[in-house]
Every structure is written in C-alpha cells, then in structure tokens.
file work-v2.cif (mmCIF, C-alpha atoms)
data_input
loop_
_atom_site.label_atom_id
_atom_site.label_comp_id
_atom_site.auth_asym_id
_atom_site.auth_seq_id
_atom_site.Cartn_x
_atom_site.Cartn_y
_atom_site.Cartn_z
CA MET A 1 12.86 9.52 -18.97
CA TRP A 2 11.03 9.37 -15.64
CA LEU A 3 14.19 10.28 -13.69
CA GLY A 4 13.77 13.79 -15.05
CA LYS A 5 10.84 14.22 -12.70
CA VAL A 6 12.96 13.30 -9.67
CA LEU A 7 15.89 15.37 -10.88
CA SER A 8 13.78 18.32 -12.00
CA SER A 9 16.49 20.93 -11.37
CA PRO A 10 19.90 19.30 -11.98
CA LEU A 11 23.09 21.01 -10.91
CA PRO A 12 25.54 22.09 -13.66
CA GLY A 13 27.17 18.98 -15.14
CA GLU A 14 25.08 16.65 -12.96
CA GLN A 15 24.53 13.14 -14.27
CA VAL A 16 22.57 10.24 -12.83
CA ILE A 17 24.94 7.40 -11.93
CA PHE A 18 22.31 4.91 -10.70
CA TYR A 19 19.01 4.69 -8.90
CA LEU A 20 17.69 2.14 -6.45
CA ARG A 21 14.44 0.77 -5.17
CA ARG A 22 13.85 -1.63 -2.34
CA HIS A 23 14.62 -5.25 -3.23
CA TRP A 24 11.73 -6.98 -4.98
CA PHE A 25 11.60 -9.64 -2.28
CA THR A 26 10.42 -7.10 0.32
CA PHE A 27 7.36 -6.50 -1.85
CA PHE A 28 6.98 -10.21 -2.52
CA LEU A 29 6.50 -10.76 1.23
CA GLU A 30 3.69 -8.16 1.17
CA LEU A 31 2.22 -9.91 -1.87
CA ILE A 32 2.13 -13.25 -0.02
CA LYS A 33 0.39 -11.58 2.93
CA TYR A 34 -2.34 -10.11 0.72
CA LEU A 35 -2.75 -13.34 -1.26
CA LEU A 36 -3.37 -15.16 2.02
CA LEU A 37 -5.97 -12.54 2.94
CA LEU A 38 -7.68 -13.11 -0.44
CA ILE A 39 -7.63 -16.91 -0.14
CA MET A 40 -8.65 -17.19 3.54
CA PRO A 41 -12.41 -16.54 3.01
CA VAL A 42 -12.46 -19.14 0.23
CA ILE A 43 -10.82 -21.70 2.54
CA LEU A 44 -13.31 -20.78 5.29
CA ALA A 45 -16.21 -21.27 2.84
CA LEU A 46 -14.83 -24.67 1.76
CA VAL A 47 -14.52 -25.74 5.42
CA PHE A 48 -18.14 -24.73 6.04
CA ILE A 49 -19.38 -26.55 2.94
CA ARG A 50 -17.38 -29.69 3.76
CA TYR A 51 -17.81 -29.97 7.54
CA LEU A 52 -20.76 -27.75 8.44
CA PRO A 53 -23.14 -27.95 5.46
CA ASP A 54 -26.23 -27.27 7.61
CA ARG A 55 -24.69 -24.02 8.92
CA TRP A 56 -23.79 -23.07 5.37
CA GLU A 57 -27.41 -23.53 4.29
CA ILE A 58 -28.58 -21.36 7.18
CA LEU A 59 -26.11 -18.65 6.16
CA PHE A 60 -27.25 -18.73 2.54
CA ASP A 61 -30.99 -19.22 2.93
CA GLY A 62 -31.81 -16.05 0.99
CA GLY A 63 -32.49 -14.04 4.15
CA LEU A 64 -30.76 -11.16 5.85
CA THR A 65 -27.69 -13.18 6.86
CA GLU A 66 -26.98 -13.96 3.21
CA ILE A 67 -27.26 -10.27 2.30
CA LEU A 68 -24.99 -9.27 5.19
CA VAL A 69 -22.41 -11.91 4.23
CA LYS A 70 -22.41 -10.66 0.63
CA LEU A 71 -22.04 -7.02 1.71
CA ALA A 72 -19.21 -7.93 4.08
CA ALA A 73 -17.47 -10.01 1.39
CA SER A 74 -17.67 -7.12 -1.06
CA ILE A 75 -16.19 -4.66 1.46
CA TYR A 76 -13.53 -7.18 2.46
CA TYR A 77 -12.33 -7.97 -1.07
CA LEU A 78 -12.34 -4.35 -2.20
CA GLY A 79 -10.47 -3.37 0.99
CA VAL A 80 -7.83 -6.07 0.57
CA TRP A 81 -7.38 -5.13 -3.10
CA VAL A 82 -7.02 -1.41 -2.44
CA PHE A 83 -4.68 -1.84 0.55
CA PHE A 84 -2.57 -4.21 -1.51
CA TRP A 85 -2.25 -1.35 -3.98
CA THR A 86 -1.29 1.13 -1.32
CA ALA A 87 1.49 -1.32 -0.32
CA TRP A 88 2.64 -1.41 -3.95
CA VAL A 89 2.57 2.39 -4.26
CA ASP A 90 4.60 2.58 -1.04
CA TYR A 91 7.14 0.16 -2.53
CA TYR A 92 7.26 1.70 -6.00
CA LEU A 93 7.60 5.31 -4.92
CA ASP A 94 10.56 4.74 -2.59
CA VAL A 95 13.53 5.74 -4.74
CA TRP A 96 17.15 6.57 -4.02
CA LEU A 97 18.92 8.43 -6.78
CA VAL A 98 22.71 8.79 -6.88
CA THR A 99 24.27 11.38 -9.18
CA ASN A 100 27.83 12.56 -9.56
CA GLU A 101 26.98 15.47 -7.23
CA ARG A 102 24.47 14.28 -4.64
CA ILE A 103 22.25 11.55 -3.26
CA ILE A 104 18.49 12.12 -3.45
CA SER A 105 16.25 10.09 -1.19
CA ILE A 106 12.51 9.92 -1.81
CA GLU A 107 10.43 7.88 0.59
CA GLN A 108 6.71 7.29 0.56
CA LYS A 109 5.32 6.52 4.01
CA GLY A 110 1.80 5.22 3.56
CA LEU A 111 -0.38 7.29 1.24
CA PHE A 112 -0.20 10.67 2.85
CA ASN A 113 3.44 11.17 3.83
CA ARG A 114 6.23 11.72 1.35
CA PHE A 115 9.76 12.71 2.24
CA ARG A 116 12.48 13.98 -0.06
CA SER A 117 15.98 14.75 1.12
CA GLU A 118 19.28 15.47 -0.58
CA LEU A 119 22.81 14.88 0.51
CA ARG A 120 25.79 16.39 -1.31
CA LEU A 121 28.64 13.98 -1.99
CA SER A 122 30.93 16.56 -0.39
CA ARG A 123 29.25 15.80 2.97
CA VAL A 124 29.54 12.01 2.75
CA GLU A 125 32.10 10.56 5.14
CA ASP A 126 31.37 6.84 5.14
CA ALA A 127 28.85 4.22 4.06
CA THR A 128 28.06 1.23 6.26
CA THR A 129 26.03 -1.78 5.22
CA GLU A 130 23.74 -3.90 7.36
CA VAL A 131 22.49 -7.25 6.07
CA LYS A 132 20.41 -8.74 8.85
CA GLY A 133 18.22 -11.85 8.77
CA ILE A 134 17.73 -14.96 6.67
CA PHE A 135 16.02 -13.45 3.64
CA PRO A 136 18.38 -10.45 3.28
CA THR A 137 21.34 -12.85 3.45
CA ILE A 138 19.86 -15.23 0.87
CA PHE A 139 18.66 -12.52 -1.53
CA HIS A 140 21.57 -10.12 -1.01
CA TYR A 141 19.80 -7.02 0.18
CA GLY A 142 20.18 -4.76 3.18
CA ASN A 143 20.35 -1.26 4.61
CA ILE A 144 23.07 1.25 3.79
CA VAL A 145 23.71 4.11 6.17
CA ILE A 146 25.46 7.06 4.54
CA GLN A 147 27.28 8.83 7.34
CA THR A 148 27.70 12.55 7.02
CA ALA A 149 30.07 15.16 8.34
CA GLY A 150 29.21 16.88 11.60
CA MET A 151 25.77 16.65 13.19
CA GLU A 152 23.86 16.30 9.94
CA GLN A 153 21.34 13.52 9.60
CA ASN A 154 22.57 10.31 8.00
CA ALA A 155 20.91 9.06 4.83
CA VAL A 156 19.55 5.51 4.92
CA PHE A 157 18.88 3.28 1.92
CA ARG A 158 16.46 0.63 3.13
CA ASN A 159 16.46 -2.96 1.86
CA VAL A 160 18.32 -2.17 -1.35
CA PRO A 161 19.73 -4.97 -3.52
CA ASN A 162 23.49 -5.69 -3.60
CA SER A 163 24.02 -3.38 -0.65
CA TYR A 164 27.77 -4.10 -0.29
CA GLN A 165 28.48 -3.17 -3.91
CA VAL A 166 26.27 -0.07 -3.69
CA ALA A 167 28.10 1.13 -0.56
CA GLU A 168 31.44 0.63 -2.34
CA LYS A 169 30.19 2.59 -5.37
CA ILE A 170 29.10 5.48 -3.16
CA ILE A 171 32.48 5.60 -1.44
CA LYS A 172 34.23 5.55 -4.84
CA LEU A 173 31.95 8.33 -6.12
CA THR A 174 32.66 10.41 -3.02
CA ASP A 175 36.41 9.88 -3.40
CA GLY A 176 36.11 10.80 -7.08
CA TRP A 177 34.18 13.96 -6.20
CA HIS A 178 36.86 15.04 -3.72
CA LYS A 179 39.57 14.48 -6.35
CA ILE A 180 37.71 16.63 -8.89
CA HIS A 181 36.85 19.35 -6.32
CA PRO A 182 39.85 19.45 -3.98
CA THR A 183 39.17 23.03 -2.83
CA GLN A 184 35.42 22.68 -2.24
CA GLN A 185 35.52 20.12 0.56
CA SER A 186 32.96 20.74 3.24
CA THR A 187 31.83 24.01 1.73
CA ASP A 188 28.55 22.57 0.46
CA HIS A 189 25.74 21.88 2.76
CA HIS A 190 23.04 19.29 2.45
CA SER A 191 19.38 20.19 2.23
CA MET B 1 -52.96 -3.72 28.83
CA GLU B 2 -51.68 -3.97 25.26
CA PHE B 3 -48.60 -2.50 23.64
CA ASP B 4 -46.41 -3.26 20.69
CA PHE B 5 -42.62 -3.42 21.16
CA ASN B 6 -41.80 -4.00 17.50
CA PHE B 7 -39.68 -1.81 15.27
CA ALA B 8 -38.40 -2.42 11.77
CA ILE B 9 -35.12 -1.67 10.04
CA PRO B 10 -35.31 -1.57 6.24
CA TYR B 11 -32.63 -3.56 4.41
CA SER B 12 -31.70 -0.32 2.64
CA ALA B 13 -30.15 0.87 5.96
CA PHE B 14 -27.52 -1.85 5.55
CA LEU B 15 -27.01 -0.71 1.98
CA ILE B 16 -26.30 2.85 3.18
CA VAL B 17 -23.67 1.59 5.65
CA TYR B 18 -22.18 -0.51 2.82
CA ILE B 19 -22.03 2.47 0.46
CA ILE B 20 -20.27 4.59 3.11
CA ALA B 21 -17.66 1.82 3.62
CA ILE B 22 -17.15 1.50 -0.15
CA ALA B 23 -16.80 5.28 -0.46
CA ILE B 24 -14.05 5.28 2.19
CA ILE B 25 -12.20 2.46 0.39
CA LEU B 26 -12.60 4.23 -2.97
CA PHE B 27 -11.07 7.33 -1.41
CA PHE B 28 -7.92 5.25 -0.83
CA THR B 29 -8.11 4.04 -4.45
CA VAL B 30 -8.19 7.63 -5.68
CA ALA B 31 -5.29 8.53 -3.34
CA SER B 32 -3.26 5.60 -4.77
CA LEU B 33 -4.06 6.71 -8.31
CA HIS B 34 -3.13 10.29 -7.50
CA HIS B 35 0.25 9.20 -6.15
CA LEU B 36 0.93 6.93 -9.11
CA LEU B 37 0.06 9.64 -11.63
CA ARG B 38 1.82 12.45 -9.80
CA TYR B 39 4.96 10.68 -8.64
CA GLY B 40 4.91 7.47 -10.69
CA PHE B 41 6.96 9.12 -13.42
CA PHE B 42 4.84 7.65 -16.26
CA SER B 43 7.07 4.62 -16.61
CA PRO B 44 5.55 1.60 -18.41
CA THR B 45 5.35 -0.24 -15.08
CA ALA B 46 3.41 2.62 -13.48
CA VAL B 47 1.00 2.80 -16.42
CA PHE B 48 0.41 -0.96 -16.36
CA MET B 49 -0.08 -1.05 -12.60
CA THR B 50 -2.44 1.94 -12.72
CA PHE B 51 -4.52 0.13 -15.32
CA LEU B 52 -4.52 -3.00 -13.15
CA LEU B 53 -5.64 -1.01 -10.10
CA ILE B 54 -8.56 0.53 -11.99
CA ALA B 55 -9.51 -2.76 -13.70
CA GLY B 56 -9.37 -4.76 -10.44
CA THR B 57 -11.43 -2.21 -8.54
CA ALA B 58 -14.00 -2.02 -11.35
CA PHE B 59 -14.18 -5.83 -11.51
CA ILE B 60 -14.84 -6.19 -7.77
CA LEU B 61 -17.49 -3.43 -7.90
CA PHE B 62 -19.13 -5.05 -10.94
CA ILE B 63 -19.28 -8.48 -9.26
CA SER B 64 -20.65 -6.87 -6.07
CA PHE B 65 -23.32 -5.05 -8.08
CA SER B 66 -24.28 -8.27 -9.91
CA VAL B 67 -24.59 -10.22 -6.64
CA LEU B 68 -26.49 -7.50 -4.78
CA SER B 69 -28.80 -6.36 -7.57
CA GLY B 70 -31.24 -9.21 -6.88
CA VAL B 71 -31.83 -8.14 -3.28
CA ASN B 72 -35.16 -6.54 -2.41
CA TRP B 73 -33.94 -3.53 -0.41
CA HIS B 74 -37.52 -2.58 0.56
CA GLU B 75 -37.81 -5.56 2.87
CA GLU B 76 -37.60 -4.90 6.57
CA LEU B 77 -35.97 -6.57 9.53
CA THR B 78 -38.38 -6.65 12.47
CA ILE B 79 -36.87 -6.47 15.92
CA GLY B 80 -38.75 -6.99 19.20
CA GLN B 81 -41.88 -8.87 20.17
CA ALA B 82 -45.56 -8.09 20.42
CA TYR B 83 -46.83 -8.26 24.00
CA ASN B 84 -50.52 -7.97 23.20
CA SER B 85 -51.44 -10.30 26.00
CA PHE B 86 -49.28 -8.60 28.63
CA ASN B 87 -51.12 -8.78 31.93
CA PRO B 88 -48.94 -9.12 35.05
CA PHE B 89 -51.87 -8.97 37.47
#
call {"tool": "encode", "arguments": {"input": "work-v2.cif", "output": "structure tokens"}}
result
Amino acid sequence: MWLGKVLSSPLPGEQVIFYLRRHWFTFFLELIKYLLLLIMPVILALVFIRYLPDRWEILFDGGLTEILVKLAASIYYLGVWVFFWTAWVDYYLDVWLVTNERIISIEQKGLFNRFRSELRLSRVEDATTEVKGIFPTIFHYGNIVIQTAGMEQNAVFRNVPNSYQVAEKIIKLTDGWHKIHPTQQSTDHHS
Amino acid sequence: MEFDFNFAIPYSAFLIVYIIAIAIILFFTVASLHHLLRYGFFSPTAVFMTFLLIAGTAFILFISFSVLSGVNWHEELTIGQAYNSFNPF
C-alpha cells in the first residue's frame, strides 16, 4: 500500500488510523481557473471572427504575424497544461497521516519545496477547527490546528474534509494514548 | 550620399526563442513527473494522472509540430528602410 512509503519506519505497534488530503473542492476551484485560461483564447478568437473579421484575416494572412500567433498559442497552451499539473501535484502530495502514535504532515509547496513534520500524540493538547467562508461551510471542510504542549510548533491540517469530526477523532486518539501510556506523558518529543 | 539601413531577422530566430520557452516549460513537466513518481506512492490515481500528464503534453507538442511544420523558417523579416536617395543639401 502507498502509505508504506509515508510511514517508512513505523514505531513498534504503530498502525495507521486514517489519512487526509485537502478537500476535493479546493482543487476543483483550481480546475475552474485553468479551464477558463484554456477557453479564453477560443472565446477571443470567436469574438475576432464574429466582430472583427478583417483584423482576423490580417492576423492569419500567412505572414509573420500568423507564425508568431501560432508560436505564442503553442507556448500558452503547453504552459497552462503544465502549470495545471503542478497545481494537481501540489494538491495530491499534501497528505496528513494519523496513526495511533503520531501525526505526520507532508506538504508540497510548489514543485521545489516539500515539508515533512511529525507530532507525537503525547504532545497534543487540543485541536481547534476553523471553517471560514461560503464554500467551506457548504462543503464541510476547514482548517484544524493541533495545539501542542509548550513552545512547540502547532500542526495545521489545511482545508480537510469533515474537519469537526476529524478534530474530535484526534482528541479521542490522544485521550486513548494517554490512557494506554499513563507514565509516558510529556516524555516524548516531536520532530 | 547613399546608404542602406536595412537588416534582416530570419524566422528561425523566433523558432529558437520558442524552443527555449518550450524547454523551460518541459523542465516543469519533468519536475512534476519526478514528484509524482517519487512521492506519488504508485497509487492507481497517481499512475493514471501521470499517464494523462505525458499524453496531454505529447498531444500539445504534436499539434504544435503539425501546425508549425509548414512554415518556411528560412524566410527573413526585413527591418528598416533604404535611403538611397538621401540628400539633405
């Protein structure tokens, strides 16, 4: 299973409870943006053909302007296609993995920045949820901030689906961990 | 007094600029592929999307090649004007 690659060195007795990606709607918004970018030149061409046919004929008279327009169109469409894919890779490779021992956060920022951080359940103090805006409210997604003990950095799950339920699950897992390991509280550290 | 102010740019110069731009974009394609293969965990979705990325890129390049193959890249764009009758006095 692909989770084995994320959890390449599991702790003794560690099991994956669930994993999360950003809500599909966040990628859908990107998809709409790129579809508009793909359609816009076609609409522009139709406007030229319909309302400015003489200008269209000048553009496509077989001369240098026609060649330049074709070169530009080729660069434009390839660019839009490839940058759409980078947006998808950015979406697909953002993963939050919750096990019975820790929370692993993997975030892809653009193509050349990738962050991985881990937070032991022993360090989790609280989980707060933020559902802000029309779309997050309609589609039930939001941010979860996992607050940690002391000055350690909080973990943030961004735009994850069913954020209220996920926050509850994390709190239950943390409570469960403390019940199983009553003597190990606050002895672990997060990396 | 006679002088010629003309100079010519071959169409192939535009082709070179185009190829450089395409190479930069293809670099991003390769980076996307690298990330999908290295971190994409070989899930069916990742495999399908990788195929789609390659197929879409190849399709756009094929269409571009078909459209641009008919161009005579040896033609030249002439800039300037001949002032063979220049005589201010």
call {"tool": "resolve_selection", "arguments": {"input": "work-v2.cif", "expression": "the PyMOL selection byres ((chain A and resi 65-81) around 10)", "output": "JSON, numbers by chain"}}
result
{"A": [34, 35, 37, 38, 41, 56, 57, 58, 59, 60, 61, 62, 63, 64, 82, 83, 84, 85, 86], "B": [11, 14, 15, 17, 18, 19, 21, 22, 24, 25, 26, 28, 29, 53, 56, 57, 58, 59, 60, 61, 63, 64, 65, 67, 68, 71, 72, 73]}
call {"tool": "resolve_selection", "arguments": {"input": "work-v2.cif", "expression": "the PyMOL selection byres ((chain B and resi 35-46) around 7)", "output": "PDB file with C-alpha atoms, keeping the file's coordinate frame"}}
result
ATOM      1  CA  TRP A   2      11.030   9.370 -15.640  1.00  0.00           C
ATOM      2  CA  LYS A   5      10.840  14.220 -12.700  1.00  0.00           C
ATOM      3  CA  VAL A  89       2.570   2.390  -4.260  1.00  0.00           C
ATOM      4  CA  LEU A  93       7.600   5.310  -4.920  1.00  0.00           C
TER       5      LEU A  93
ATOM      6  CA  ALA B  31      -5.290   8.530  -3.340  1.00  0.00           C
ATOM      7  CA  SER B  32      -3.260   5.600  -4.770  1.00  0.00           C
ATOM      8  CA  LEU B  33      -4.060   6.710  -8.310  1.00  0.00           C
ATOM      9  CA  HIS B  34      -3.130  10.290  -7.500  1.00  0.00           C
ATOM     10  CA  VAL B  47       1.000   2.800 -16.420  1.00  0.00           C
ATOM     11  CA  PHE B  48       0.410  -0.960 -16.360  1.00  0.00           C
ATOM     12  CA  MET B  49      -0.080  -1.050 -12.600  1.00  0.00           C
ATOM     13  CA  THR B  50      -2.440   1.940 -12.720  1.00  0.00           C
TER      14      THR B  50
END
call {"tool": "resolve_selection", "arguments": {"input": "work-v2.cif", "expression": "the PyMOL selection byres ((chain A and resi 145-156) around 6)", "output": "short mmCIF file (atom, residue, chain, number, x, y, z; two decimals) with C-alpha atoms, in the frame of the given file"}}
result
data_model
loop_
_atom_site.label_atom_id
_atom_site.label_comp_id
_atom_site.auth_asym_id
_atom_site.auth_seq_id
_atom_site.Cartn_x
_atom_site.Cartn_y
_atom_site.Cartn_z
CA ARG A 123 29.25 15.80 2.97
CA VAL A 124 29.54 12.01 2.75
CA GLU A 125 32.10 10.56 5.14
CA ASP A 126 31.37 6.84 5.14
CA ALA A 127 28.85 4.22 4.06
CA THR A 128 28.06 1.23 6.26
CA ILE A 144 23.07 1.25 3.79
CA PHE A 157 18.88 3.28 1.92
#
call {"tool": "atom_distance", "arguments": {"input": "work-v2.cif", "atom1": "atom CA of A:Glu101", "atom2": "atom CA of A:Lys172"}}
result
12.5 Å
call {"tool": "atom_distance", "arguments": {"input": "work-v2.cif", "atom1": "atom CA of A:Gly133", "atom2": "atom CA of A:Ile32"}}
result
18.4 Å
call {"tool": "atom_distance", "arguments": {"input": "work-v2.cif", "atom1": "atom CA of A:Ser9", "atom2": "atom CA of A:Val95"}}
result
16.8 Å
call {"tool": "decode", "arguments": {"input": "work-v2.cif", "residues": "stretch 61-74 of chain B", "atoms": "N, CA and C atoms", "output": "CSV table (one decimal), in the first residue's frame"}}
result
chain,number,residue,atom,x,y,z
B,61,LEU,N,2.4,19.1,-28.0
B,61,LEU,CA,3.6,19.2,-28.8
B,61,LEU,C,3.4,18.7,-30.2
B,62,PHE,N,2.6,17.6,-30.4
B,62,PHE,CA,2.3,17.1,-31.7
B,62,PHE,C,1.5,18.1,-32.5
B,63,ILE,N,0.5,18.6,-31.9
B,63,ILE,CA,-0.3,19.6,-32.7
B,63,ILE,C,0.5,20.8,-33.1
B,64,SER,N,1.4,21.3,-32.1
B,64,SER,CA,2.2,22.4,-32.4
B,64,SER,C,3.2,22.1,-33.6
B,65,PHE,N,3.7,20.9,-33.6
B,65,PHE,CA,4.6,20.5,-34.6
B,65,PHE,C,3.9,20.4,-36.0
B,66,SER,N,2.7,19.9,-36.0
B,66,SER,CA,1.9,19.8,-37.2
B,66,SER,C,1.6,21.2,-37.8
B,67,VAL,N,1.2,22.1,-36.9
B,67,VAL,CA,0.9,23.5,-37.3
B,67,VAL,C,2.1,24.2,-37.8
B,68,LEU,N,3.2,24.0,-37.2
B,68,LEU,CA,4.4,24.8,-37.5
B,68,LEU,C,5.3,24.2,-38.5
B,69,SER,N,5.0,22.9,-38.9
B,69,SER,CA,5.9,22.3,-39.9
B,69,SER,C,5.8,22.9,-41.3
B,70,GLY,N,4.7,23.5,-41.6
B,70,GLY,CA,4.6,24.1,-42.9
B,70,GLY,C,5.3,25.5,-43.1
B,71,VAL,N,5.8,26.0,-42.0
B,71,VAL,CA,6.4,27.3,-42.1
B,71,VAL,C,7.8,27.2,-42.7
B,72,ASN,N,8.1,28.2,-43.6
B,72,ASN,CA,9.4,28.3,-44.2
B,72,ASN,C,10.3,29.1,-43.2
B,73,TRP,N,11.1,28.4,-42.4
B,73,TRP,CA,11.9,29.1,-41.4
B,73,TRP,C,13.1,29.8,-42.0
B,74,HIS,N,13.3,29.7,-43.3
B,74,HIS,CA,14.5,30.4,-44.0
B,74,HIS,C,14.1,31.8,-44.4
